Amino acid sequence: AVAAIAKQTAGYFGVVVSITTFSAFGALYFVFDRWLWQIPLIGRVIGIPNLAGKWTIQGRTDGADGVPRDWEGNVTIEQTWSQIAISIETAHSRSRSAMAAIERDPGHGFRIIYGYENRPKDVDSDLRSHRGTCDVVVAADLLSAEAAYFNDHQRRTFGTMKWSRDTLTKGT
């Protein structure tokens, strides 16, 4: 329909254009993926919340030695309708999601499940690069979250996090 309307309108001005259905779909998809899904009414209909922005973390790791360790960090979420990327930075390491999914979690809000790779900042520390999985339950108001994570055989630790939202970022 968009292609037909564009051709008709261009023809009215004596301009010949070649707009295919595929190019019209591509343009509409691009606009929807970047911006339209963030409109609150559309967001409620499609069920994908805008989680993009900065978050603060209070975390606790339970190591293989049985000694809990408290730590702090920051999360940055970059998001479009079709993609989400989660980065965490602490004093000692950086992690980046390798894959992630968002789902509605009735009675709680939303759930993000993602796999990540963590790299230490200091190559001389005991911390080694490792992979892990994280399960984040985001409150319905999208301002806080609680998470549980575990790491692979390289690290053999697990822990919990409390996230609080600092800023909201419009989609990229």
# chains A, B, ... in the order shown; residues from 1 in each chain; ligands from 1
$ closest_atom_pairs --of "segment 103-125 of chain A" --to "segment 146-166 of chain A" --cutoff "10 Å" --atoms "only C-alpha atoms" --output "Markdown table"
| residue | atom | partner | partner_atom | distance |
| --- | --- | --- | --- | --- |
| A:Arg111 | CA | A:Ala147 | CA | 9.4 |
| A:Ile112 | CA | A:Ala147 | CA | 9.1 |
| A:Ile113 | CA | A:Ala147 | CA | 9.5 |
| A:Tyr114 | CA | A:Tyr149 | CA | 9.5 |
| A:Gly115 | CA | A:Tyr149 | CA | 9.5 |
| A:Tyr116 | CA | A:Asn151 | CA | 9.2 |
| A:Glu117 | CA | A:Asn151 | CA | 9.4 |
| A:Asn118 | CA | A:Asn151 | CA | 9.5 |
$ write_last_selection --atoms "all heavy atoms" --output "JSON list (two decimals), in the first residue's frame"
[["chain", "number", "residue", "atom", "x", "y", "z"],
["A", 111, "ARG", "N", 11.43, -10.18, 32.07],
["A", 111, "ARG", "CA", 12.63, -10.98, 32.36],
["A", 111, "ARG", "C", 13.58, -10.87, 31.17],
["A", 111, "ARG", "O", 13.16, -10.97, 30.02],
["A", 111, "ARG", "CB", 12.22, -12.43, 32.58],
["A", 111, "ARG", "CG", 13.39, -13.36, 32.71],
["A", 111, "ARG", "CD", 12.97, -14.73, 33.18],
["A", 111, "ARG", "NE", 13.18, -14.75, 34.61],
["A", 111, "ARG", "CZ", 12.31, -15.18, 35.51],
["A", 111, "ARG", "NH1", 11.16, -15.66, 35.13],
["A", 111, "ARG", "NH2", 12.60, -15.16, 36.79],
["A", 112, "ILE", "N", 14.86, -10.64, 31.48],
["A", 112, "ILE", "CA", 15.92, -10.68, 30.47],
["A", 112, "ILE", "C", 16.79, -11.87, 30.82],
["A", 112, "ILE", "O", 17.24, -12.01, 31.96],
["A", 112, "ILE", "CB", 16.82, -9.43, 30.51],
["A", 112, "ILE", "CG1", 16.03, -8.14, 30.46],
["A", 112, "ILE", "CG2", 17.85, -9.48, 29.40],
["A", 112, "ILE", "CD1", 16.86, -6.90, 30.76],
["A", 113, "ILE", "N", 17.03, -12.71, 29.86],
["A", 113, "ILE", "CA", 17.96, -13.82, 30.04],
["A", 113, "ILE", "C", 19.05, -13.62, 29.01],
["A", 113, "ILE", "O", 18.76, -13.44, 27.82],
["A", 113, "ILE", "CB", 17.27, -15.18, 29.85],
["A", 113, "ILE", "CG1", 16.15, -15.32, 30.89],
["A", 113, "ILE", "CG2", 18.26, -16.33, 29.95],
["A", 113, "ILE", "CD1", 15.26, -16.51, 30.69],
["A", 114, "TYR", "N", 20.30, -13.58, 29.49],
["A", 114, "TYR", "CA", 21.39, -13.34, 28.54],
["A", 114, "TYR", "C", 22.66, -14.10, 28.91],
["A", 114, "TYR", "O", 22.90, -14.42, 30.05],
["A", 114, "TYR", "CB", 21.66, -11.85, 28.38],
["A", 114, "TYR", "CG", 22.29, -11.15, 29.55],
["A", 114, "TYR", "CD1", 23.68, -10.96, 29.61],
["A", 114, "TYR", "CD2", 21.53, -10.63, 30.59],
["A", 114, "TYR", "CE1", 24.27, -10.28, 30.67],
["A", 114, "TYR", "CE2", 22.10, -9.97, 31.65],
["A", 114, "TYR", "CZ", 23.47, -9.79, 31.69],
["A", 114, "TYR", "OH", 24.05, -9.12, 32.74],
["A", 115, "GLY", "N", 23.41, -14.39, 27.89],
["A", 115, "GLY", "CA", 24.73, -14.99, 28.05],
["A", 115, "GLY", "C", 25.76, -13.90, 27.86],
["A", 115, "GLY", "O", 25.55, -12.96, 27.08],
["A", 116, "TYR", "N", 26.88, -14.01, 28.55],
["A", 116, "TYR", "CA", 27.88, -12.94, 28.48],
["A", 116, "TYR", "C", 29.30, -13.50, 28.51],
["A", 116, "TYR", "O", 29.53, -14.64, 28.89],
["A", 116, "TYR", "CB", 27.69, -11.95, 29.63],
["A", 116, "TYR", "CG", 27.86, -12.56, 31.00],
["A", 116, "TYR", "CD1", 29.12, -12.64, 31.60],
["A", 116, "TYR", "CD2", 26.77, -13.07, 31.69],
["A", 116, "TYR", "CE1", 29.27, -13.21, 32.87],
["A", 116, "TYR", "CE2", 26.92, -13.64, 32.94],
["A", 116, "TYR", "CZ", 28.17, -13.70, 33.52],
["A", 116, "TYR", "OH", 28.32, -14.27, 34.76],
["A", 117, "GLU", "N", 30.21, -12.63, 28.10],
["A", 117, "GLU", "CA", 31.63, -12.91, 28.23],
["A", 117, "GLU", "C", 32.24, -11.81, 29.08],
["A", 117, "GLU", "O", 31.99, -10.63, 28.85],
["A", 117, "GLU", "CB", 32.32, -12.95, 26.87],
["A", 117, "GLU", "CG", 33.78, -13.32, 26.98],
["A", 117, "GLU", "CD", 34.45, -13.53, 25.64],
["A", 117, "GLU", "OE1", 33.82, -13.24, 24.61],
["A", 117, "GLU", "OE2", 35.60, -13.99, 25.64],
["A", 118, "ASN", "N", 33.00, -12.19, 30.09],
["A", 118, "ASN", "CA", 33.62, -11.25, 31.02],
["A", 118, "ASN", "C", 35.13, -11.26, 30.82],
["A", 118, "ASN", "O", 35.73, -12.33, 30.71],
["A", 118, "ASN", "CB", 33.26, -11.64, 32.46],
["A", 118, "ASN", "CG", 33.83, -10.67, 33.46],
["A", 118, "ASN", "OD1", 35.01, -10.68, 33.75],
["A", 118, "ASN", "ND2", 32.97, -9.84, 33.99]]
$ closest_residue --among "A:Ala3, A:Phe13, A:Arg69, A:Ile46" --to "Ala27 of chain A" --atoms "only C-alpha atoms"
A:Ala3
$ residues_around --residues "Lys121 of chain A" --least-positions-apart "4" --cutoff "10 Å" --atoms "only C-alpha atoms" --output "MDAnalysis selection string"
chainID A and resid 89:94 125 127:129
$ closest_residue --among "A:Val31, A:Ile48, A:Ile84, A:Cys134" --to "Asp105 of chain A" --atoms "only C-alpha atoms"
A:Ile48
$ residues_around --residues "Gln79 of chain A" --least-positions-apart "5" --cutoff "12 Å" --atoms "only C-alpha atoms" --output "ChimeraX atom specification"
/A:33-35,37-38,48-54,84-87,100-102,168-172
$ closest_residue --among "A:Gly109, A:Gly132, A:Gly11, A:Pro120" --to "Ser144 of chain A" --atoms "only C-alpha atoms"
A:Gly109
$ closest_residue --among "A:Tyr12, A:Phe30, A:Phe25, A:Phe110" --to "Ala139 of chain A" --atoms "only C-alpha atoms"
A:Phe110
$ closest_residue --among "A:Leu36, A:Leu41, A:Leu28, A:Ile77" --to "Ser97 of chain A" --atoms "only C-alpha atoms"
A:Ile77
$ select_by_dssp --residues "chain A" --states "strand (DSSP E)" --output "PyMOL selection string"
chain A and resi 53-62+68-79+84-90+93-105+109-120+130-139+144-151+158-168
